[in-house]
Structure formats: C-alpha cells, structure tokens
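Notes follow once the structure below has been shown.
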Amino acid sequence: MTTEVYRDAWGIPHLRASSALELARAQGRNAATDRAWQIEVERHRVRGTTAAFLGPDAVVWDRFARQSRLEDTARRCHAALDADTAAWVGAYVEGVNDGLAEGAGNAPEFAATGLEPGRWEPWVPLGIWIATHILFAGFPTKLWREEVARRLGDDLITLFATDGPGTSGSNGWLVTGGRTETGAPLIAGDPHRFIEDPGVYQQIHLVCPDVDVVGLAVPGVPGIAHFGHTGSVAWAITNAMSDYQDLYRERLRRTGDGIEAEGPDGWGPAAHHRETIEVAGGEPVAVDVIETGRGPLVAGDAPAADGAVSEGISLRYPPRVTAALGFEAIPALLRARTVGDVDRAFDDWAEPVNVVHAADTEGGLLHRVAGRVPVRHEDNRLRVVPAWEDGHDWQGWHETPRAEVEDVAVMANARGLAAPLGVEFAPPHRADRIAALLRESKNWTAPGMAAVHTDTWLASAAPLLELVAALDEDRLSPGGSALRARLLDWDRRMEAGSTDAALFAAVRSAVVRRLADHPELEPLSGPFGYPAVFLPWLYLPAKIGYALETLLTTDRLPGIDRPALVRDAVDEVAAAGGTETTWGERHRLAPWQALPAPDEEWPGLPGDHDCVLATSSVPGVTDLSARGPSARYVWDLARREDSLWVVPLGARGIPGDAHHRDQLPLWLSGGFVPVVTDFDLLTPEHRTEERHDH
C-alpha cells in the first residue's frame, strides 16, 4: 500500500493513500510529527496526568478530568464503536504511535518538562474529543444560577443571561447562488474558541480512492468533523448553545460496605475509589472518584466516617449515559458527495450539539441542528436539581430542528433554530450584522467575505452610550465632559488603531467594576466553595462584564443608580489620562500555552466580544484577548480551488519551524491562505510503499 505526504507553500499537509485505513494512519502519523507536544498534552489531559510534568497549576484540571471520568467514558465510547469505525480510529492511533518519537524529538517542550512521549491506546482520540467539549456547553452556569437564586432570590435566576451581553462565539453563514458572482453557494465563517499555541484546528487535505476532502481537523482526532469541502459538497458548524448536561445535588453517606447516594427510590450504592495525582515540584494529591446513578461527582467530598452524610454535585452528560459521541459520522462525512450524504451523516452525531450548514453543486442546501439533547424537567435546564426527588430523570431525546434556506442563512450562537434546545444564547448582534452585510450585495466572492469576517461594528455599545448621552454635562468634570463628547462622536468600531474604542472600553470596564462593588450585587462576590475549575463561570466581574447590556437596562435592580455610576466611571477614566492609547495597545492576543512563555510579545487586535470579529476579552477584568477566530474559512461551491482559509498561527506546532506562525500576519489583517488541491502544485515530502495489517 502507498502513502504520500505533500506540503503546500504554507506547510499545510496533503496526504494521499491507497486506502481509507492507510489514509487514517497517515493522518495520525502527521499529527504526531507536526503536533507531538500538543497531542501528548491532550492525551494527558484526558487521563488527568498533566500535573506530573506541568506542575501544581495543572492539578485543577487533572482533578476534574478524573472525577468526571473522562478516560473511562472514552473507553466506553470506543468499546461501543462499530467494527469499521473502530478499525479506522485504530489505524489513526497506529500512525500516531509510529510518528510520536520523531515528533517529540523536534519539540523542545518535551526536554523542557522532562516528558517522555507515551504510547497511545485506541480510545485516546475519543477522549480528546470529550475533554475538548465537556465544558463547551457551559454546565457550570447552572452553579452560578443556583447561587444567584440563593443569594438574590429565585426571581433573579436569569438576571445574568448571556442573551443580553454574550461571550465570544462562532459565526457561520451560507450565501445562496442568487447572491454570488458565480451563481454557486458560498459557505463561510470562523469558529471562536480559546486561541491556543499550537492552534486547535489544523488545515489538512486527505485523499484516497473514495475520499478527497480539505478541511479543519482537530489534532489527535481522525478525519474532519466540523468544517470540510469534498469538491461537490461543503459543510460547517457552530455551537448550537443547547443545554444537554445536568447537575444533581447528591446526598452521600458512608456505610460499612462503601458509599451510598440517595435517589428517588431511596439509598443505593455509589461507585467509589481513590486516585493519586502526581505533581511535578509538589506533593501528590489524593482524589475521591465517586459516581452515583446520575453520574460522576464533580463537586463535594466523600463522607468522612461510617454513618456520616455529605453533599456533592454530580454531572450527567450524554456520552457517559449512551457511550456515543457520533464518531461514526466522521468517515461518512469524508465520503460525502451531496447535501443528503452530509445530512444522513449528521443524523448519527451526538457530542457537541451543533448547528450545521451545507451546500452542494447540485443545488442542495442544509440548515439543521445535529446532536443529542435529552428531554427532561425544565428545572434541570436551569439549575442544580435534587437527586432524591422524582421527575428529574431523562425521558428520551429531542428531535433536532431544521429550516429551509432562502437567500442567506446565518448561525452565530443566537436564539433561533436551536431555541427549543437551550436556555441562554448569544445576543443577536453578530447574527443580525452578518445578515445585514450579506444582503448589501448580490455579487459575493470568496475573497470578498473578508469584509464580513473582519467587521468591527459594536452594536452592544448602545445601552452604555445612551446613558453617557443622557449625562448632565454640568455634573461632569471638564475632562469627563470632553470624554463624553468623544464617546458620542465615536463610530462604534473596535478598530485596533482607534483611541476612542479604547476609551469606550475603559469606561465600560470602570462601570463593570462599580457594579461589582455595588451592595445590591455584592452577595455574589463569593466565595462559593466549588472546585477551582468552575471559577471562570463564578467570578462576579466577569459575569457582569458579559451581562452588561442587561444590567444597564433591567428594571429588576432598582437600588442601582445607573446614571450616577456611569458618570463616576466617565470622570474616573478622564482623570486617569491615557486618552491617546489605542484599542490595539490594550487589546492584545493572549493565547493559551501549556508551557507559557511569559516574556513573549503578542500583537494588538481589532474587534470585541459582540463584533462579528469576536476577539473576546473580559470587560472589567482584562482587555487581553484569549478567545477569537481559531480559524477562518470560505468554501466555494463553484470551484473548490477558489476556497480560502487561515488559522491564527500556522500549520505546524513546532517552535522555530518556518510554518509555526507564518499565517499570523494574514490572520491579523483579515487575509487568507489559498486552498490548493492539485498535487502537481505541491511539494512532495514523504512516500512509503509497504503493507500494514490492521
């Protein structure tokens, strides 16, 4: 059997093999040679063993990984795969194991941490998928709502709903042929995740006798699940913002036979064992791993002594219940030729729940939700529910909605197609802005989509600016009055070079801090006693920053004098000076690195969390941007070779490599890398002719 590896001018791998299994094996080997450090960190994250080489700061994640049973869930899901899919995943893992020593030899992080490359087991890719997405649906928000209800009252449980403010989220749009220059559809967008170094998405081209697909792969996971183009059909997804994970308040007691948990039918046995987290530079940490009939305990401790009773919180999530992720859909997507093929493939999808766009060269169009969302009591969707009460079990699965596509279709995490499946969604600003921009032309081209990807209009600025406009100038300081005038003249674009955008952000942050200090909200300042992994969902200034639109317009907080609060914030910012600081000087890229380089300088960014260019910071906490477009793509159905893509850094995860960060300037400017599919235009790198038994 033959395997060939080629590269284009940007170092993007193009893999060609004589069979689907050889292609999977080649993809695994490429992931190991290009991304060895990244995928080994991910393998250890699944197992909860990162602290053994990253040190004490990593214990927080390792504890969660073990308590939520990530590895065991991945093993269950792998055991439930059909034989063909299991063989395909197994071939990928063989390739990883073939290439890992070579990849680790090129990655200085291994020597820096003393980490030796390990050997992958067949379930690891499924574990990486679970670990990547288990917090994606934001179940810790239910802990926050529980605290809001407890400390402020049940009537304010949804006060901080993200429909008002929004956090960074993905964009996607489908433009039908009636609005394109070629008469064929275009699919475009940009998934927004934490920007990571190396990047979370890898551009790749996969070819074998029944597969020819370009797309964005997740390193450590075979195939292309989220964003792909096979020549005759293309697809893309965004997070549907569905609610499909539940939290249960558990009562636990210790007996001579172990630990029991109280369910609706009384006390019953709970699984329990202890594990030890090894910590580089620190003492080992013991962890109680407990699982009730609802799911694994993710907060709380085991009862201390015989007869003692304690409380905890368990997590119920679909892969743990069903042993299904939907991996069977991925090989089917690679072979898809029509929208019907894509649609049928996504019928098997489970985790995470996504909104899907697809279009083909025969005129087929698709706009649907894919994934599993349980049917259960409304309280389950909102908050932590008592495990011992009836009525909180799962009762089947929701049908996934779909819609006809006319003219344009937009998906941007907003309420809409997936509304019946969720509780909180992103505000409509990005979706509305994208739709408005697309309807300005009937001659869209792939390169022209950059104007949509990079739009920096900030519609969510309106409530704060309205309060600024209503301020009595006589009650402002002279500097505050001048600042007010500048804000009212501002074009509401969060451009990197704009000083007025920086001033708006400074006033916004000052307002957030004042709200966080206000006695009416002070009860939510904590502490809450939950594990540290959940703190990003429980930090009051961050919750206020993302809910600012709601908090500035709601009538449910009558004790807060918003005009006075905004006036003081304007005067504070005016007195601080720095009126010529640009937004890009404040709003810099801050990617996540498993092994941080603290002295590294990263560039300034345009955009903000409610812009289409959603480079998200946390108002009131930091202007640094850790989230944003983790890739951009435009799939052209007229000619795949006219498609475009770009990632924040580069194709390879090897520090010092020519293609480690060579796409960063293009990503910053809104540019793209061409999609090349003609092997005659590529540079051959490696060829093997040998037979492997699978």
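Residues are named by chain letter and number: chains run A, B, ... in the order of the structure tokens, numbers start at 1 in each chain, and ligands are numbered from 1 in the order shown.
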Exercise. Please provide the set of residues having any atom within 8 Å of region 486-501 of chain A, restricted to only C-alpha atoms, with same-chain residues fewer than 2 positions apart removed, written as a ChimeraX atom specification.
Key: /A:456-459,461,465,468-469,482-484,503-505,579-585,587,604-608,611
Self-check item: All residues 6 Å or closer to region 621-629 of chain A, only C-alpha atoms, same chain fewer than 4 positions away omitted, as a ChimeraX atom specification
Solution: /A:190-195,586-591,614-617
Dump N, CA and C atoms for the selected residues as a PDB file, in the first residue's frame?
```
ATOM      1  N   ASP A 190     -16.174  31.421  11.030  1.00  0.00           N
ATOM      2  CA  ASP A 190     -14.981  31.365  11.872  1.00  0.00           C
ATOM      3  C   ASP A 190     -15.359  30.838  13.251  1.00  0.00           C
ATOM      4  N   PRO A 191     -14.884  29.627  13.557  1.00  0.00           N
ATOM      5  CA  PRO A 191     -15.128  29.091  14.901  1.00  0.00           C
ATOM      6  C   PRO A 191     -14.352  29.887  15.934  1.00  0.00           C
ATOM      7  N   HIS A 192     -15.010  30.258  17.018  1.00  0.00           N
ATOM      8  CA  HIS A 192     -14.357  31.025  18.081  1.00  0.00           C
ATOM      9  C   HIS A 192     -14.174  30.131  19.298  1.00  0.00           C
ATOM     10  N   ARG A 193     -12.938  29.897  19.621  1.00  0.00           N
ATOM     11  CA  ARG A 193     -12.563  29.132  20.799  1.00  0.00           C
ATOM     12  C   ARG A 193     -11.414  29.862  21.473  1.00  0.00           C
ATOM     13  N   PHE A 194     -10.912  29.299  22.546  1.00  0.00           N
ATOM     14  CA  PHE A 194      -9.670  29.828  23.088  1.00  0.00           C
ATOM     15  C   PHE A 194      -8.586  29.689  22.021  1.00  0.00           C
ATOM     16  N   ILE A 195      -7.874  30.773  21.780  1.00  0.00           N
ATOM     17  CA  ILE A 195      -6.750  30.717  20.854  1.00  0.00           C
ATOM     18  C   ILE A 195      -5.615  29.989  21.565  1.00  0.00           C
ATOM     19  N   ARG A 586      -4.271  48.016  24.168  1.00  0.00           N
ATOM     20  CA  ARG A 586      -4.912  47.401  25.334  1.00  0.00           C
ATOM     21  C   ARG A 586      -5.354  45.963  25.045  1.00  0.00           C
ATOM     22  N   HIS A 587      -5.784  45.765  23.803  1.00  0.00           N
ATOM     23  CA  HIS A 587      -6.488  44.530  23.418  1.00  0.00           C
ATOM     24  C   HIS A 587      -5.522  43.646  22.626  1.00  0.00           C
ATOM     25  N   ARG A 588      -4.680  42.916  23.350  1.00  0.00           N
ATOM     26  CA  ARG A 588      -3.648  42.109  22.708  1.00  0.00           C
ATOM     27  C   ARG A 588      -4.013  40.621  22.752  1.00  0.00           C
ATOM     28  N   LEU A 589      -3.509  39.921  21.776  1.00  0.00           N
ATOM     29  CA  LEU A 589      -3.689  38.472  21.728  1.00  0.00           C
ATOM     30  C   LEU A 589      -2.988  37.835  22.924  1.00  0.00           C
ATOM     31  N   ALA A 590      -3.677  36.883  23.569  1.00  0.00           N
ATOM     32  CA  ALA A 590      -3.103  36.188  24.725  1.00  0.00           C
ATOM     33  C   ALA A 590      -3.443  34.704  24.619  1.00  0.00           C
ATOM     34  N   PRO A 591      -2.763  33.974  23.722  1.00  0.00           N
ATOM     35  CA  PRO A 591      -3.120  32.568  23.506  1.00  0.00           C
ATOM     36  C   PRO A 591      -2.763  31.685  24.693  1.00  0.00           C
ATOM     37  N   ALA A 614     -15.059  38.650  16.582  1.00  0.00           N
ATOM     38  CA  ALA A 614     -15.288  38.461  18.014  1.00  0.00           C
ATOM     39  C   ALA A 614     -14.008  38.046  18.720  1.00  0.00           C
ATOM     40  N   THR A 615     -13.092  38.992  18.863  1.00  0.00           N
ATOM     41  CA  THR A 615     -11.892  38.773  19.669  1.00  0.00           C
ATOM     42  C   THR A 615     -12.246  39.144  21.099  1.00  0.00           C
ATOM     43  N   SER A 616     -12.498  38.167  21.905  1.00  0.00           N
ATOM     44  CA  SER A 616     -13.158  38.387  23.185  1.00  0.00           C
ATOM     45  C   SER A 616     -12.172  38.615  24.317  1.00  0.00           C
ATOM     46  N   SER A 617     -12.446  39.649  25.093  1.00  0.00           N
ATOM     47  CA  SER A 617     -11.777  39.864  26.370  1.00  0.00           C
ATOM     48  C   SER A 617     -12.848  39.783  27.458  1.00  0.00           C
TER      49      SER A 617
END
```
Quiz item: Restricting the calculation to only C-alpha atoms, which member of A:Leu417, A:Leu515, A:Val41, A:Val675 is positioned closest to Pro219 (chain A)?
Solution: A:Val41
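Within region 297-388 of chain A, DSSP run on the backbone puts these residues in strand (DSSP E or B): Leu297, Val298, Ala299, Gly300, Val309, Ser310, Glu311, Gly312, Ile313, Ser314, Leu315, Arg316, Asn354, Val355, Val356, His357, Ala358, Ala359, Asp360, Leu365, Leu366, His367, Arg368, Val369, Ala370, Pro374, Val385 and Pro386 of chain A.
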Quiz item: If you count only C-alpha atoms, which residues fall within 6 Å of region 4-14 of chain A, apart from same-chain ones fewer than 3 positions away, as an NGL selection string?
Solution: :A and (204-205 or 651 or 659 or 682-687)
Can you spit out the residues from that selection as a JSON list (two decimals), in the first residue's frame, using all heavy atoms?
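The resulting file, result_35.json, is reproduced below:
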```json
[["chain", "number", "residue", "atom", "x", "y", "z"],
["A", 204, "ILE", "N", -5.87, 20.67, 6.59],
["A", 204, "ILE", "CA", -5.37, 19.39, 6.07],
["A", 204, "ILE", "C", -6.14, 19.01, 4.82],
["A", 204, "ILE", "O", -7.30, 19.43, 4.62],
["A", 204, "ILE", "CB", -5.46, 18.28, 7.15],
["A", 204, "ILE", "CG1", -4.52, 17.13, 6.84],
["A", 204, "ILE", "CG2", -6.90, 17.83, 7.35],
["A", 204, "ILE", "CD1", -4.28, 16.19, 8.02],
["A", 205, "HIS", "N", -5.51, 18.20, 3.95],
["A", 205, "HIS", "CA", -6.12, 17.66, 2.73],
["A", 205, "HIS", "C", -5.92, 16.15, 2.76],
["A", 205, "HIS", "O", -4.79, 15.67, 2.89],
["A", 205, "HIS", "CB", -5.43, 18.29, 1.52],
["A", 205, "HIS", "CG", -5.98, 17.87, 0.19],
["A", 205, "HIS", "ND1", -5.26, 18.01, -0.99],
["A", 205, "HIS", "CD2", -7.16, 17.31, -0.18],
["A", 205, "HIS", "CE1", -5.99, 17.57, -2.01],
["A", 205, "HIS", "NE2", -7.15, 17.14, -1.53],
["A", 651, "ALA", "N", 0.60, 26.12, 10.33],
["A", 651, "ALA", "CA", 0.22, 24.73, 10.12],
["A", 651, "ALA", "C", 0.95, 23.77, 11.05],
["A", 651, "ALA", "O", 0.45, 22.69, 11.33],
["A", 651, "ALA", "CB", 0.50, 24.34, 8.67],
["A", 659, "HIS", "N", 6.76, 27.29, 9.49],
["A", 659, "HIS", "CA", 5.30, 27.34, 9.40],
["A", 659, "HIS", "C", 4.62, 27.29, 10.77],
["A", 659, "HIS", "O", 3.45, 26.95, 10.87],
["A", 659, "HIS", "CB", 4.80, 26.19, 8.52],
["A", 659, "HIS", "CG", 5.39, 26.20, 7.15],
["A", 659, "HIS", "ND1", 5.19, 27.25, 6.27],
["A", 659, "HIS", "CD2", 6.21, 25.31, 6.51],
["A", 659, "HIS", "CE1", 5.83, 27.00, 5.14],
["A", 659, "HIS", "NE2", 6.46, 25.84, 5.27],
["A", 682, "LEU", "N", 2.10, 20.95, -5.45],
["A", 682, "LEU", "CA", 2.57, 20.72, -4.09],
["A", 682, "LEU", "C", 3.99, 20.16, -4.10],
["A", 682, "LEU", "O", 4.48, 19.66, -5.11],
["A", 682, "LEU", "CB", 1.64, 19.76, -3.36],
["A", 682, "LEU", "CG", 0.16, 20.17, -3.29],
["A", 682, "LEU", "CD1", -0.68, 19.03, -2.73],
["A", 682, "LEU", "CD2", -0.01, 21.42, -2.45],
["A", 683, "THR", "N", 4.63, 20.24, -2.94],
["A", 683, "THR", "CA", 5.99, 19.72, -2.79],
["A", 683, "THR", "C", 5.94, 18.38, -2.09],
["A", 683, "THR", "O", 5.45, 18.27, -0.95],
["A", 683, "THR", "CB", 6.84, 20.70, -1.96],
["A", 683, "THR", "OG1", 6.87, 21.97, -2.61],
["A", 683, "THR", "CG2", 8.26, 20.17, -1.80],
["A", 684, "PRO", "N", 6.46, 17.31, -2.74],
["A", 684, "PRO", "CA", 6.46, 16.00, -2.08],
["A", 684, "PRO", "C", 7.43, 15.99, -0.90],
["A", 684, "PRO", "O", 8.51, 16.55, -0.96],
["A", 684, "PRO", "CB", 6.91, 15.04, -3.18],
["A", 684, "PRO", "CG", 7.65, 15.89, -4.16],
["A", 684, "PRO", "CD", 7.03, 17.26, -4.10],
["A", 685, "GLU", "N", 6.99, 15.34, 0.18],
["A", 685, "GLU", "CA", 7.82, 15.27, 1.39],
["A", 685, "GLU", "C", 8.19, 13.84, 1.75],
["A", 685, "GLU", "O", 9.29, 13.56, 2.20],
["A", 685, "GLU", "CB", 7.09, 15.94, 2.56],
["A", 685, "GLU", "CG", 7.85, 15.91, 3.88],
["A", 685, "GLU", "CD", 7.08, 16.57, 5.01],
["A", 685, "GLU", "OE1", 7.24, 17.79, 5.19],
["A", 685, "GLU", "OE2", 6.30, 15.87, 5.70],
["A", 686, "HIS", "N", 7.24, 12.92, 1.55],
["A", 686, "HIS", "CA", 7.45, 11.56, 2.07],
["A", 686, "HIS", "C", 6.58, 10.60, 1.28],
["A", 686, "HIS", "O", 5.45, 10.91, 0.93],
["A", 686, "HIS", "CB", 7.08, 11.52, 3.56],
["A", 686, "HIS", "CG", 7.34, 10.20, 4.22],
["A", 686, "HIS", "ND1", 8.59, 9.74, 4.48],
["A", 686, "HIS", "CD2", 6.47, 9.25, 4.66],
["A", 686, "HIS", "CE1", 8.50, 8.55, 5.08],
["A", 686, "HIS", "NE2", 7.24, 8.25, 5.19],
["A", 687, "ARG", "N", 7.12, 9.43, 1.01],
["A", 687, "ARG", "CA", 6.35, 8.38, 0.33],
["A", 687, "ARG", "C", 6.73, 7.04, 0.94],
["A", 687, "ARG", "O", 7.91, 6.75, 1.15],
["A", 687, "ARG", "CB", 6.65, 8.38, -1.18],
["A", 687, "ARG", "CG", 5.95, 7.27, -1.97],
["A", 687, "ARG", "CD", 6.40, 7.29, -3.42],
["A", 687, "ARG", "NE", 5.90, 6.15, -4.16],
["A", 687, "ARG", "CZ", 4.77, 6.15, -4.87],
["A", 687, "ARG", "NH1", 4.05, 7.25, -4.95],
["A", 687, "ARG", "NH2", 4.36, 5.07, -5.51]]
```
List every residue of region 234-353 of chain A that has an atom at most 6 Å from any atom of region 52-70 of chain A, giving for each one its closest atom pair and the distance in Å to one decimal, counting only C-alpha atoms, sorted by chain and then by ascending residue number, as a Markdown table.
```
| residue | atom | partner | partner_atom | distance |
| --- | --- | --- | --- | --- |
| A:Glu278 | CA | A:Ala52 | CA | 5.0 |
| A:Val279 | CA | A:Ala52 | CA | 4.5 |
| A:Ala280 | CA | A:Gly55 | CA | 4.5 |
| A:Val289 | CA | A:Gln67 | CA | 5.0 |
| A:Pro296 | CA | A:Ser68 | CA | 5.4 |
| A:Val298 | CA | A:Gln67 | CA | 5.7 |
```
Practice problem: Quick one: everything within 8 Å of Phe139 (chain A), counting only C-alpha atoms, minus sequence neighbours fewer than 4 positions away in the same chain. Send it as a ChimeraX atom specification. | Solution: /A:135,143,243,245-247
Suppose we keep N, CA, C and O atoms; can you now write the selection as a PDB file, in the first residue's frame?
```pdb
ATOM      1  N   LEU A 135     -16.762  21.011  28.715  1.00  0.00           N
ATOM      2  CA  LEU A 135     -17.156  22.304  29.285  1.00  0.00           C
ATOM      3  C   LEU A 135     -17.748  23.232  28.234  1.00  0.00           C
ATOM      4  O   LEU A 135     -18.098  24.376  28.537  1.00  0.00           O
ATOM      5  N   LEU A 143     -24.414  26.268  38.213  1.00  0.00           N
ATOM      6  CA  LEU A 143     -23.930  26.581  39.561  1.00  0.00           C
ATOM      7  C   LEU A 143     -24.109  28.069  39.846  1.00  0.00           C
ATOM      8  O   LEU A 143     -24.510  28.462  40.951  1.00  0.00           O
ATOM      9  N   ASP A 243     -28.663  23.020  25.743  1.00  0.00           N
ATOM     10  CA  ASP A 243     -28.432  22.573  27.118  1.00  0.00           C
ATOM     11  C   ASP A 243     -28.662  21.069  27.173  1.00  0.00           C
ATOM     12  O   ASP A 243     -29.788  20.594  27.042  1.00  0.00           O
ATOM     13  N   GLN A 245     -26.497  18.942  29.460  1.00  0.00           N
ATOM     14  CA  GLN A 245     -25.784  18.387  30.613  1.00  0.00           C
ATOM     15  C   GLN A 245     -26.516  18.826  31.877  1.00  0.00           C
ATOM     16  O   GLN A 245     -26.879  19.996  32.007  1.00  0.00           O
ATOM     17  N   ASP A 246     -26.724  17.916  32.802  1.00  0.00           N
ATOM     18  CA  ASP A 246     -27.471  18.218  34.027  1.00  0.00           C
ATOM     19  C   ASP A 246     -26.588  18.065  35.259  1.00  0.00           C
ATOM     20  O   ASP A 246     -25.680  17.229  35.303  1.00  0.00           O
ATOM     21  N   LEU A 247     -26.918  18.866  36.278  1.00  0.00           N
ATOM     22  CA  LEU A 247     -26.253  18.777  37.579  1.00  0.00           C
ATOM     23  C   LEU A 247     -27.279  18.367  38.631  1.00  0.00           C
ATOM     24  O   LEU A 247     -28.386  18.914  38.677  1.00  0.00           O
TER      25      LEU A 247
END
```
